[in-house]
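First comes the structure, then the notes that go with it.
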Amino acid sequence: MVFSILKKDKKTKARLGILRTAHGNIMTPAFIPVGTRAAVRSLASDEIKSSGAQAILANTYHLWLQPGDNLIKKAGGLHKFMDWDGPIFTDSGGFQIFSLGERKWSAAPHQHAGGGFLKNSGNNSPFNVKISDDGVSFQSGKDGSVHKLTPEKSVRIQANLGSDISLVLDYFCGYPFKRESAEKSVELTTKWAERAGKEFLRIKKSAVNKGQLQFGIIQGAGYKKLREKSAKEISALDFDGYAIGGVAVGEPEKYMYQAVEFSVPFLEENKPRHLLGVGTPENIIEAVKRGCDTFDCVIPTREARHGKAYIFTGEGLKYKTMDIKKKMFAGDFKSLDPNCDCFACARHTRAYIHHLYQIKEILGLRLMTEHNLMFYNRLMEKIRASV
RNA sequence: GGGUCGGUGGCAGAGUGGUCAAUUGCACCAGACUGUAAAUCUGGCGGCCUUGCGCCUACGAAGGUUCGAAUCCUUCCCGGCCCA
């Protein structure tokens with residue numbers, strides 16, 4: 001059995017569970033750090049492990065293009081290639097349809113505050129992403145090369161990568177939601193899920209990881225009817241688990257929670273539910289209450305690189321953040337978080353880590369990344385303890 | 001002592017008669033970051049306020065030329081290098 005529920009919360013839909021994979025079990029609710037290109041940026045596999053991570057999430061699209069899934073197959077699969085012996089999720093490449101295509105490049109919602117992060121790129125993605133019923137093609141603005149990803153292709157790449165949990169190729173749009181495009185995304189995602197499911201069974205015998213699982217993805221933006229439709233259609237295809245997608249695309253949090261609320265009632269109780277790309281500690285807490293089991297997000301790792309450390313205040317799940325780059329820490333010889341036992345907190349001072357950021361020393365990024373991941377994993381421990 | 005090149009905002013360093021309160025980088029301050037085109041990006045950064053294409057003080061110091069000077073002239077102070 002892939003997923004067992006150990007305990008259910010009485011007041012909410014939260015559950016404590018075990019997700020079993022070919023490379024070990026995951027105690028849920030769990031946070032899965034993102035290692036897009038077979039690397040959790042700045043960390044060695046030992047450091048990922050010591051941060052408390054139970055699993056990681058890599059990306060089909062990125063690894064397909066570089067270094068190539070065949071090379072990773074030759075290496076013996078992702079686990080051997082990157083020296084990570086725990087469970088690995090692989091995202092399907094569906095997010096890149098959005099992030100390299102649909103997202104408005106001069107004014108992506110979540111980077112809009114300051115005017116966008118590549119202000120000269122105009123409204124069009126330099127990747128020239130084209131969607132058809134068959135799949136998606138990406139044309140690089142750099143060398144003109146065209147890469148076509150289909151649901152079947154994504155399955156085959158993930159089979160070569162040898163991940164433990166593969167995701168089907170999906171399609172979704174950003175915020176603000178539009179009914180018509182949300183309908184299209186549900187329709188296409190279901191169609192692609194059927195094809196991905198068939199391909200998964202067809203090539204199972206030749207996959208690098210014979211125990212690989214496949215999760216379907218629920219879409220439907222912020223629409224109750226569409227989420228219901230999507231959840232029903234996807235669950236009818238009998239995947240090993242589900243992912244809820246199309247959230248954290250710049251929408252108000254209320255809509256994110258609704259997307260979960262609208263989807264969960266139509267997903268089998270005894271299958272795991274992953275919430276894609278989420279999120280802040282608050283987002284995760286709220287989503288666990290609404291029945292989600294696993295989460296992946298770049299926040300702890302990216303923000304660590306940007307100097308933001310997450311620190312528990314000492315009371316329950318409450319936390320604060322500190323920007324270690326600030327001058328006020330230059331002479332602060334306390335540890336980042338006196339109550340944390342990650343390597344950075346156990347061995348180094350705020351003053352030292354501040355100094356590392358000042359001199360742009362990569363060690364600073366490593367220490368902070370490991371710390372933030374430990375924070376997220378401690379958060380999940382607290383959540384599990386409270387269910 | 002002689003010659004020469006220079007002294008610009010916290011630092012480095014542009015500018016060489018008007019559109020200069022002064023390019024840019026660093027530092028500093030503030031903000032953003034959600035299935036990673038992100039060790040990234042955005043904004044602020046002399047003072048005052050009635051926030052105006054406002055006023056004041058500013059490009060070593062003091063004078064001067066000019067309608068107008070960081071920019072030209074004179075003297076002084078300081079620094080680098082070369083010669084004695």
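Every chain in the structure tokens has a letter given in the order shown (A, B, ...), and although residue numbers restart at 1 in each chain, ligands are simply numbered from 1 in the order shown.
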For range 62-77 of chain A, find every residue with an atom within 9 Å (counting only C-alpha atoms (C1' of nucleotides)), except residues of its own chain fewer than 4 positions away, and show them as a list in words. Thr36, Arg37, Ala38, Ala58, Phe81, Met82, Gly93, His147, Ser154, Arg156, Ile157, Gln158, Ala159, Asn160, Leu161, Gly162, Ser163, Val208 and Asn209 of chain A
Show me, as a tab-separated table, the residues of chain B having an atom within 9 Å of chain A, each with the closest atom pair and its distance in Å, using only C-alpha atoms (C1' of nucleotides).
```
residue	atom	partner	partner_atom	distance
B:C28	C1'	A:Lys327	CA	8.2
B:G31	C1'	A:Gly114	CA	8.0
B:A32	C1'	A:Ala113	CA	6.3
B:C33	C1'	A:Glu303	CA	6.9
B:U34	C1'	A:Gly279	CA	4.6
B:G35	C1'	A:Gly277	CA	4.4
B:U36	C1'	A:Val298	CA	6.5
B:A37	C1'	A:Leu100	CA	7.8
B:A38	C1'	A:Arg302	CA	7.5
B:A39	C1'	A:Arg305	CA	5.5
B:U40	C1'	A:His306	CA	7.5
B:C41	C1'	A:Phe117	CA	4.7
B:U42	C1'	A:Gly114	CA	3.9
B:G43	C1'	A:Gly114	CA	7.1
```
For the residues in that selection, give me N, CA and C atoms (P, O5', C5', C4', C3', O3' and C1' of nucleotides) as an mmCIF file, in the first residue's frame.
```cif
data_model
loop_
_atom_site.group_PDB
_atom_site.id
_atom_site.type_symbol
_atom_site.label_atom_id
_atom_site.label_comp_id
_atom_site.auth_asym_id
_atom_site.auth_seq_id
_atom_site.Cartn_x
_atom_site.Cartn_y
_atom_site.Cartn_z
ATOM 1 P P C B 28 26.076 47.011 3.849
ATOM 2 O "O5'" C B 28 25.249 48.328 4.172
ATOM 3 C "C5'" C B 28 25.615 49.170 5.266
ATOM 4 C "C4'" C B 28 24.726 50.393 5.262
ATOM 5 C "C3'" C B 28 23.232 50.091 5.239
ATOM 6 O "O3'" C B 28 22.750 49.792 6.537
ATOM 7 C "C1'" C B 28 23.715 51.747 3.634
ATOM 8 P P G B 31 10.994 46.466 5.141
ATOM 9 O "O5'" G B 31 10.519 46.110 3.655
ATOM 10 C "C5'" G B 31 9.328 46.680 3.136
ATOM 11 C "C4'" G B 31 9.221 46.381 1.664
ATOM 12 C "C3'" G B 31 9.158 44.921 1.262
ATOM 13 O "O3'" G B 31 7.882 44.373 1.477
ATOM 14 C "C1'" G B 31 10.583 46.083 -0.218
ATOM 15 P P A B 32 7.730 42.776 1.667
ATOM 16 O "O5'" A B 32 7.980 42.209 0.199
ATOM 17 C "C5'" A B 32 7.052 42.464 -0.833
ATOM 18 C "C4'" A B 32 7.626 41.996 -2.146
ATOM 19 C "C3'" A B 32 7.831 40.496 -2.283
ATOM 20 O "O3'" A B 32 6.610 39.872 -2.644
ATOM 21 C "C1'" A B 32 9.723 41.626 -3.103
ATOM 22 P P C B 33 6.353 38.353 -2.123
ATOM 23 O "O5'" C B 33 7.321 37.423 -2.989
ATOM 24 C "C5'" C B 33 7.295 37.426 -4.435
ATOM 25 C "C4'" C B 33 8.537 36.697 -4.892
ATOM 26 C "C3'" C B 33 8.523 35.235 -4.468
ATOM 27 O "O3'" C B 33 8.826 34.395 -5.570
ATOM 28 C "C1'" C B 33 10.483 36.328 -3.677
ATOM 29 P P U B 34 7.658 33.615 -6.366
ATOM 30 O "O5'" U B 34 7.235 32.427 -5.393
ATOM 31 C "C5'" U B 34 8.228 31.466 -4.953
ATOM 32 C "C4'" U B 34 7.474 30.239 -4.460
ATOM 33 C "C3'" U B 34 6.483 29.719 -5.512
ATOM 34 O "O3'" U B 34 6.591 28.330 -5.729
ATOM 35 C "C1'" U B 34 5.372 30.245 -3.453
ATOM 36 P P G B 35 8.003 27.631 -6.138
ATOM 37 O "O5'" G B 35 7.850 26.081 -6.437
ATOM 38 C "C5'" G B 35 6.632 25.645 -7.114
ATOM 39 C "C4'" G B 35 6.968 24.249 -7.514
ATOM 40 C "C3'" G B 35 7.596 24.169 -8.896
ATOM 41 O "O3'" G B 35 9.020 24.141 -8.718
ATOM 42 C "C1'" G B 35 5.648 22.798 -8.773
ATOM 43 P P U B 36 10.033 23.914 -10.159
ATOM 44 O "O5'" U B 36 10.333 25.400 -10.661
ATOM 45 C "C5'" U B 36 10.531 26.477 -9.734
ATOM 46 C "C4'" U B 36 11.516 27.464 -10.347
ATOM 47 C "C3'" U B 36 12.514 26.741 -11.307
ATOM 48 O "O3'" U B 36 12.397 27.073 -12.686
ATOM 49 C "C1'" U B 36 13.644 27.831 -9.421
ATOM 50 P P A B 37 11.907 28.153 -13.511
ATOM 51 O "O5'" A B 37 13.148 28.353 -14.482
ATOM 52 C "C5'" A B 37 13.210 29.456 -15.403
ATOM 53 C "C4'" A B 37 14.629 29.900 -15.365
ATOM 54 C "C3'" A B 37 14.831 31.013 -14.323
ATOM 55 O "O3'" A B 37 15.597 30.634 -13.210
ATOM 56 C "C1'" A B 37 15.645 31.593 -16.519
ATOM 57 P P A B 38 17.089 30.534 -12.917
ATOM 58 O "O5'" A B 38 17.334 31.592 -11.760
ATOM 59 C "C5'" A B 38 17.648 32.932 -12.012
ATOM 60 C "C4'" A B 38 18.122 33.579 -10.763
ATOM 61 C "C3'" A B 38 18.404 32.634 -9.612
ATOM 62 O "O3'" A B 38 19.483 33.161 -8.874
ATOM 63 C "C1'" A B 38 16.471 33.975 -9.161
ATOM 64 P P A B 39 20.487 32.377 -8.034
ATOM 65 O "O5'" A B 39 21.218 33.513 -7.199
ATOM 66 C "C5'" A B 39 20.644 34.083 -6.030
ATOM 67 C "C4'" A B 39 21.767 34.515 -5.127
ATOM 68 C "C3'" A B 39 22.827 35.357 -5.822
ATOM 69 O "O3'" A B 39 22.484 36.709 -5.696
ATOM 70 C "C1'" A B 39 23.849 33.561 -4.658
ATOM 71 P P U B 40 23.071 37.853 -6.726
ATOM 72 O "O5'" U B 40 21.826 38.174 -7.672
ATOM 73 C "C5'" U B 40 21.527 37.325 -8.776
ATOM 74 C "C4'" U B 40 20.060 37.406 -9.092
ATOM 75 C "C3'" U B 40 19.488 38.807 -9.105
ATOM 76 O "O3'" U B 40 19.771 39.442 -10.343
ATOM 77 C "C1'" U B 40 18.063 37.437 -7.852
ATOM 78 P P C B 41 19.973 41.042 -10.419
ATOM 79 O "O5'" C B 41 18.474 41.572 -10.248
ATOM 80 C "C5'" C B 41 17.486 41.274 -11.229
ATOM 81 C "C4'" C B 41 16.118 41.650 -10.715
ATOM 82 C "C3'" C B 41 15.956 43.098 -10.286
ATOM 83 O "O3'" C B 41 15.746 43.944 -11.397
ATOM 84 C "C1'" C B 41 15.017 41.704 -8.643
ATOM 85 P P U B 42 16.210 45.481 -11.337
ATOM 86 O "O5'" U B 42 15.092 46.132 -10.413
ATOM 87 C "C5'" U B 42 13.732 46.109 -10.813
ATOM 88 C "C4'" U B 42 12.871 46.716 -9.731
ATOM 89 C "C3'" U B 42 13.342 48.052 -9.195
ATOM 90 O "O3'" U B 42 12.950 49.112 -10.041
ATOM 91 C "C1'" U B 42 12.771 46.659 -7.385
ATOM 92 P P G B 43 13.885 50.422 -10.145
ATOM 93 O "O5'" G B 43 13.579 51.171 -8.761
ATOM 94 C "C5'" G B 43 12.298 51.737 -8.545
ATOM 95 C "C4'" G B 43 12.164 52.133 -7.094
ATOM 96 C "C3'" G B 43 13.207 53.109 -6.565
ATOM 97 O "O3'" G B 43 12.925 54.440 -6.940
ATOM 98 C "C1'" G B 43 12.902 51.392 -4.995
#
```
Checklist line | Residue list (alpha helix (DSSP H), DSSP) for range 217-329 of chain A, as a ChimeraX atom specification | finding: /A:224-235,253-263,281-289,299-305
(message) Could you list, as a list in words, every residue within 8 Å of Phe138 in chain A, counting only C-alpha atoms (C1' of nucleotides) and ignoring same-chain residues fewer than 3 positions away?
(response)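 The filter keeps Phe127, Asn128, Val129, Lys130, Val146, His147 and Lys148 of chain A.
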Please produce a file of those selected residues containing C-alpha atoms, as a PDB file, in the first residue's frame.
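Listing of result14.pdb after writing:
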```
ATOM      1  CA  PHE A 127      11.113  30.862 -24.951  1.00  0.00           C
ATOM      2  CA  ASN A 128       8.243  31.064 -27.367  1.00  0.00           C
ATOM      3  CA  VAL A 129       6.133  28.436 -25.674  1.00  0.00           C
ATOM      4  CA  LYS A 130       3.395  26.918 -27.825  1.00  0.00           C
ATOM      5  CA  VAL A 146      12.923  23.703 -30.351  1.00  0.00           C
ATOM      6  CA  HIS A 147      12.026  21.115 -27.742  1.00  0.00           C
ATOM      7  CA  LYS A 148       8.689  19.394 -27.743  1.00  0.00           C
TER       8      LYS A 148
END
```
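One finds CA of Pro272 in chain A at 7.1 Å from CA of Leu19 in chain A.
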- Task: Record the distance separating CA of Lys318 in chain A and CA of Arg378 in chain A, expressed in Å with one decimal.
- Result: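 That distance, rounded to one decimal, is 12.0 Å.
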ask   = Any idea what's packed within 7 Å of range 54-65 of chain B, counting only C-alpha atoms (C1' of nucleotides), ignoring anything in its chain fewer than 2 positions away? Could you give it as a ChimeraX atom specification?
value = /B:7-8,52,70,73,77
Practice problem: Quick one: pick out all strand (DSSP E) residues within range 121-175 of chain A from a backbone DSSP run and write them as a list in words. | Solution: Val129, Lys130, Ile131, Val136, Ser137, Phe138, Gln139, Val146, His147, Lys148, Leu149, Ile165, Ser166 and Leu167 of chain A
Extract, using only C-alpha atoms (C1' of nucleotides), all DNA, RNA and protein residues at most 9 Å from Ile234 in chain A, discarding same-chain residues fewer than 3 positions from it, and format them as an MDAnalysis selection string. chainID A and resid 189:190 193:194 216:218 229:231 237:239 242 267
Those residues you just picked out, can you put them in a file as a compact mmCIF listing (two decimals), in the first residue's frame with C-alpha atoms?
```txt
# COMPACT_ATOMS: atom_id res chain seq x y z
CA THR A 189 -4.84 18.16 -18.09
CA THR A 190 -7.34 15.30 -18.00
CA ALA A 193 -3.32 12.49 -17.71
CA GLU A 194 -5.07 9.65 -19.57
CA GLY A 216 -2.25 12.85 -11.37
CA ILE A 217 -2.72 16.60 -11.14
CA ILE A 218 -5.90 18.52 -10.33
CA LYS A 229 -14.71 18.15 -12.38
CA SER A 230 -10.95 17.89 -12.50
CA ALA A 231 -10.70 15.97 -9.23
CA LEU A 237 -7.83 7.33 -13.67
CA ASP A 238 -6.61 5.62 -10.52
CA PHE A 239 -3.23 7.18 -9.98
CA TYR A 242 -2.64 13.33 -6.44
CA LEU A 267 -10.04 12.56 -4.01
```
Hey, what's within 10 Å of U4 in chain B if we count only C-alpha atoms (C1' of nucleotides) and toss same-chain stuff fewer than 2 positions away? As JSON, numbers by chain, please?
{"B": [6, 81, 82]}
Neighbouring residues of Ile324 in chain A were defined as those with any atom within 9 Å, considering only C-alpha atoms (C1' of nucleotides); residues of the same chain fewer than 5 positions away were excluded. Please report them as a ChimeraX atom specification.
/A:307-309,329-330,336,350-351,353-354,357
Work out how far CA of Asp170 in chain A is from CA of Leu43 in chain A, in Å to one decimal.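 Straight-line distance from CA of Leu43 in chain A to CA of Asp170 in chain A works out to 29.3 Å.
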